[in-house]
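Text of protein27.cif (mmCIF, C-alpha atoms and all ligand atoms) as supplied:
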data_target
#
loop_
_atom_site.label_atom_id
_atom_site.label_comp_id
_atom_site.auth_asym_id
_atom_site.auth_seq_id
_atom_site.Cartn_x
_atom_site.Cartn_y
_atom_site.Cartn_z
CA MET A 1 166.40 91.33 122.19
CA LEU A 2 166.70 89.01 125.19
CA LEU A 3 163.67 88.12 127.32
CA LYS A 4 164.37 86.50 130.69
CA TYR A 5 161.82 84.55 132.72
CA ALA A 6 162.40 83.11 136.20
CA LEU A 7 159.95 80.30 136.95
CA SER A 8 159.72 79.73 140.70
CA ASN A 9 158.23 76.85 142.63
CA HIS A 10 156.96 78.16 145.96
CA GLY A 11 155.50 74.79 146.93
CA SER A 12 156.97 71.95 148.97
CA ILE A 13 156.87 69.37 146.17
CA GLU A 14 159.02 69.30 143.03
CA THR A 15 157.16 70.44 139.92
CA VAL A 16 157.68 68.02 137.05
CA GLY A 17 156.62 68.23 133.44
CA ALA A 18 157.05 71.98 133.12
CA TYR A 19 157.26 73.57 129.67
CA ALA A 20 158.36 77.04 128.66
CA GLY A 21 157.19 78.30 125.29
CA PHE A 22 156.91 81.51 123.33
CA VAL A 23 154.20 82.40 120.81
CA ALA A 24 155.05 84.82 118.02
CA ASP A 25 153.26 86.41 115.07
CA GLU A 26 156.05 88.14 113.17
CA ASP A 27 154.20 89.52 110.09
CA LEU A 28 157.15 90.20 107.79
CA PHE A 29 156.35 93.14 105.52
CA PHE A 30 159.49 93.31 103.37
CA SER A 31 157.44 91.98 100.45
CA GLY A 32 154.58 94.37 101.11
CA THR A 33 152.30 91.77 102.66
CA PHE A 34 152.30 89.51 105.71
CA GLY A 35 150.34 86.89 103.75
CA ASP A 36 153.39 85.26 102.16
CA ASP A 37 155.49 84.44 105.22
CA ILE A 38 156.99 81.02 105.91
CA VAL A 39 157.91 79.66 109.34
CA THR A 40 160.34 76.77 109.67
CA PHE A 41 161.89 74.91 112.55
CA ASN A 42 165.59 75.24 111.75
CA ALA A 43 166.83 72.04 113.37
CA SER A 44 170.52 72.82 112.96
CA LEU A 45 170.12 76.13 114.80
CA GLY A 46 167.36 74.94 117.14
CA VAL A 47 165.24 77.99 116.39
CA ALA A 48 161.95 78.93 114.80
CA GLU A 49 162.76 81.02 111.75
CA VAL A 50 160.47 83.18 109.64
CA THR A 51 161.26 84.37 106.12
CA GLU A 52 159.49 85.76 103.11
CA ARG A 53 158.48 83.25 100.44
CA ASN A 54 160.80 84.93 97.94
CA THR A 55 164.09 84.77 99.81
CA ALA A 56 166.07 85.75 96.70
CA ALA A 57 164.41 89.17 96.63
CA PHE A 58 163.88 89.42 100.39
CA PRO A 59 166.64 87.53 102.25
CA GLN A 60 165.77 88.90 105.69
CA ALA A 61 165.14 86.41 108.49
CA VAL A 62 163.74 86.71 112.00
CA GLY A 63 163.37 84.09 114.67
CA VAL A 64 162.88 83.13 118.28
CA VAL A 65 165.72 81.35 120.08
CA PRO A 66 164.86 79.33 123.21
CA ILE A 67 167.75 79.27 125.69
CA ALA A 68 167.74 77.38 128.99
CA ALA A 69 170.28 78.69 131.49
CA GLY A 70 171.92 76.37 133.98
CA PHE A 71 169.79 73.27 133.49
CA ASP A 72 169.09 70.69 130.84
CA ALA A 73 166.04 71.21 128.68
CA PRO A 74 165.87 68.13 126.54
CA LEU A 75 163.47 69.08 123.81
CA ASN A 76 163.01 72.01 121.52
CA TYR A 77 159.58 71.85 120.00
CA GLU A 78 157.56 73.83 117.62
CA ALA A 79 154.01 74.35 116.58
CA HIS A 80 152.42 76.44 113.91
CA VAL A 81 148.97 77.85 113.48
CA THR A 82 147.62 79.99 110.70
CA ALA A 83 145.34 82.95 111.07
CA ALA A 84 142.34 80.70 110.49
CA GLY A 85 143.53 78.42 113.27
CA ASP A 86 144.09 80.95 116.03
CA PRO A 87 142.86 79.88 119.44
CA LEU A 88 139.74 81.73 120.56
CA ASN A 89 141.40 83.07 123.72
CA SER A 90 144.65 82.99 125.67
CA ALA A 91 143.74 79.67 127.31
CA GLY A 92 143.59 78.11 123.87
CA TYR A 93 147.34 78.52 123.51
CA PHE A 94 148.04 76.23 126.46
CA PRO A 95 147.95 72.98 124.45
CA LEU A 96 150.44 74.50 121.97
CA LEU A 97 152.73 75.85 124.68
CA SER A 98 152.68 72.62 126.65
CA GLY A 99 152.81 70.15 123.81
CA GLY A 100 153.78 71.69 120.52
CA PHE A 101 154.11 69.58 117.43
CA PRO A 102 156.50 66.67 117.04
CA GLU A 103 160.06 67.65 116.24
CA GLY A 104 160.78 67.83 112.57
CA SER A 105 157.33 68.93 111.55
CA PRO A 106 157.43 70.74 108.21
CA SER A 107 157.47 74.41 107.45
CA VAL A 108 154.17 76.24 107.35
CA GLY A 109 153.27 78.83 104.78
CA PRO A 110 153.34 80.85 102.74
CA GLY A 111 150.64 82.54 104.72
CA GLU A 112 149.87 84.62 107.78
CA VAL A 113 151.72 82.35 110.16
CA ARG A 114 152.27 82.17 113.89
CA HIS A 115 154.47 79.78 115.75
CA VAL A 116 155.33 78.39 119.15
CA ILE A 117 158.79 77.33 120.21
CA GLY A 118 160.16 76.30 123.56
CA PHE A 119 161.52 73.48 125.61
CA GLY A 120 160.48 70.86 128.08
CA PRO A 121 159.58 68.88 129.94
CA PHE A 122 161.77 69.91 132.86
CA ALA A 123 161.50 69.93 136.63
CA ILE A 124 161.52 72.83 139.09
CA PRO A 125 162.68 71.80 142.56
CA ALA A 126 160.62 72.65 145.62
CA GLY A 127 161.56 76.15 146.70
CA GLY A 128 163.71 76.56 143.63
CA SER A 129 163.51 78.17 140.24
CA ARG A 130 164.52 77.78 136.62
CA VAL A 131 165.57 80.61 134.35
CA VAL A 132 164.63 80.51 130.70
CA TRP A 133 165.42 83.01 127.98
CA PHE A 134 163.97 83.75 124.58
CA ALA A 135 166.03 85.78 122.14
CA LEU A 136 164.19 87.65 119.39
CA VAL A 137 166.70 87.73 116.56
CA GLY A 138 166.66 89.29 113.11
CA ALA A 139 169.10 89.90 110.30
CA ASP A 140 169.42 91.09 106.72
CA ASN A 141 170.35 87.63 105.43
CA GLN A 142 170.79 83.99 106.49
CA THR A 143 174.49 84.26 107.26
CA ALA A 144 173.98 87.24 109.54
CA PHE A 145 170.95 85.55 111.11
CA GLU A 146 172.99 82.51 112.10
CA ALA A 147 175.70 84.75 113.54
CA ASN A 148 173.11 86.67 115.56
CA VAL A 149 171.60 83.43 116.92
CA ASP A 150 175.06 82.35 118.05
CA ALA A 151 175.67 85.78 119.59
CA ALA A 152 172.40 85.62 121.53
CA ARG A 153 173.30 82.21 122.99
CA ALA A 154 176.82 83.41 123.83
CA LYS A 155 175.40 86.48 125.58
CA VAL A 156 173.20 84.31 127.82
CA GLN A 157 176.04 81.85 128.54
CA ALA A 158 178.19 84.83 129.56
CA GLY A 159 175.60 85.82 132.14
CA GLY A 160 172.93 87.54 130.14
CA LEU A 161 172.00 91.18 130.22
CA CA B 201 155.70 88.91 103.97
#

Encoded form (structure tokens):
Amino acid sequence: MLLKYALSNHGSIETVGAYAGFVADEDLFFSGTFGDDIVTFNASLGVAEVTERNTAAFPQAVGVVPIAAGFDAPLNYEAHVTAAGDPLNSAGYFPLLSGGFPEGSPSVGPGEVRHVIGFGPFAIPAGGSRVVWFALVGADNQTAFEANVDAARAKVQAGGL
């Protein structure tokens, strides 16, 4: 699934330091519970990836793929929170969406995990816009997952929907 967002700057001054992020709570139930999920920043794919703890029995993988279209977005970032650490309201997600965790932070779980992934900072010119995409990707195993991530990126590079 591809989600497309157009971020427009209707002002007369360039917007700098913009971030685009996506929060997800996947709740994998292949194992019969969402309490044993693991979320990892897959640095080689540049995606947030969620699996069951027991990947031998349950090899399925899902993830969120950030894709910037037509501009440079220098940093993929990630952040994780557990159920106990959920923000109290929507505004509480802003620090995660705008800052994330440092790249290379470790996997979180097993547990009832959420994550944030995105890119930034980037600029939006006055009167202009930036288009960002997030692909929600899943597969029956790691090999198929990687192929589906590549396919999602290729679809956007070919013009999207
Ligand atoms: Ca699970």

Q | Pick from A:Gly111, A:Gly11, A:Gly17, A:Pro121 nearest to ligand CA 201 (chain B), counting all atoms listed in the file | A | A:Gly111

Q | Selected residue of minimal separation from Ala18 in chain A among A:Lys4, A:Arg53, A:Arg130, A:His115, counting all atoms listed in the file | A | A:Arg130

Kindly provide the residues of chain A that approach ligand CA 201 (chain B) to within 7 Å, each paired with its closest atom pair and their distance in Å to one decimal, based on all atoms listed in the file, listed by chain and increasing number, as a tab-separated table.
residue	atom	partner	partner_atom	distance
A:Asp27	CA	B:CA201	CA	6.3
A:Leu28	CA	B:CA201	CA	4.3
A:Phe29	CA	B:CA201	CA	4.6
A:Phe30	CA	B:CA201	CA	5.8
A:Ser31	CA	B:CA201	CA	5.0
A:Gly32	CA	B:CA201	CA	6.3
A:Thr33	CA	B:CA201	CA	4.6
A:Phe34	CA	B:CA201	CA	3.9
A:Gly35	CA	B:CA201	CA	5.7
A:Asp36	CA	B:CA201	CA	4.7
A:Asp37	CA	B:CA201	CA	4.6
A:Glu52	CA	B:CA201	CA	5.0

Q.
I want to know what sits within 9 Å of Thr15 in chain A, based on all atoms listed in the file, with residues of the same chain fewer than 3 positions away left out; could you give that as a list in words?
A. Asn9, Gly11, Ala18, Phe122, Ala123, Ile124, Pro125 and Ala126 of chain A

Please produce an output containing C-alpha atoms for each residue in the selection, written as a PDB file, in the frame of the given file.
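Final file, again24.pdb:
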ATOM      1  CA  ASN A   9     158.230  76.850 142.630  1.00  0.00           C
ATOM      2  CA  GLY A  11     155.500  74.790 146.930  1.00  0.00           C
ATOM      3  CA  ALA A  18     157.050  71.980 133.120  1.00  0.00           C
ATOM      4  CA  PHE A 122     161.770  69.910 132.860  1.00  0.00           C
ATOM      5  CA  ALA A 123     161.500  69.930 136.630  1.00  0.00           C
ATOM      6  CA  ILE A 124     161.520  72.830 139.090  1.00  0.00           C
ATOM      7  CA  PRO A 125     162.680  71.800 142.560  1.00  0.00           C
ATOM      8  CA  ALA A 126     160.620  72.650 145.620  1.00  0.00           C
TER       9      ALA A 126
END

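Atom pair CA of Ala73 in chain A / CA of Phe22 in chain A: separated by 14.8 Å.
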
(Q) When you look at range 54-65 of chain A with a cut-off of 6 Å (counting all atoms listed in the file), what residues show up, excluding the ones that are within fewer than 3 positions of it in the same chain? I need them as an NGL selection string. (A) :A and (47-51 or 134-141)

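Closest approach to Val131 in chain A from the set A:Gly70, A:Gly159, A:Gly118, A:Gly109 is made by A:Gly70, with distances taken over all atoms listed in the file.
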
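When CA of Val108 in chain A is paired with CA of Pro66 in chain A, their separation reads 19.4 Å.
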
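Closest approach to Asn42 in chain A among A:Glu26, A:Asn89, A:Lys155, A:Phe145 is made by A:Phe145 (distances from only C-alpha atoms).
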
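What separates CA of Ala6 in chain A from CA of Val113 in chain A is a distance of 28.2 Å.
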
Mind giving me the axis-aligned box for range 127-136 of chain A with 8 Å on every side, centre plus edges in Å to one decimal, as lines of an AutoDock Vina configuration file?
center_x = 163.8
center_y = 81.9
center_z = 133.0
size_x = 20.5
size_y = 27.5
size_z = 43.3

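Minimum distance to Ala68 in chain A across A:Phe94, A:Leu7, A:Leu2, A:Val132 (counting all atoms listed in the file) occurs at A:Val132.
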
Q: Choose the residue, out of A:Ser129, A:Leu88, A:Gly21, A:Val16, that has the smallest atom-to-atom separation from Ile67 in chain A; count only C-alpha atoms.
A: A:Gly21
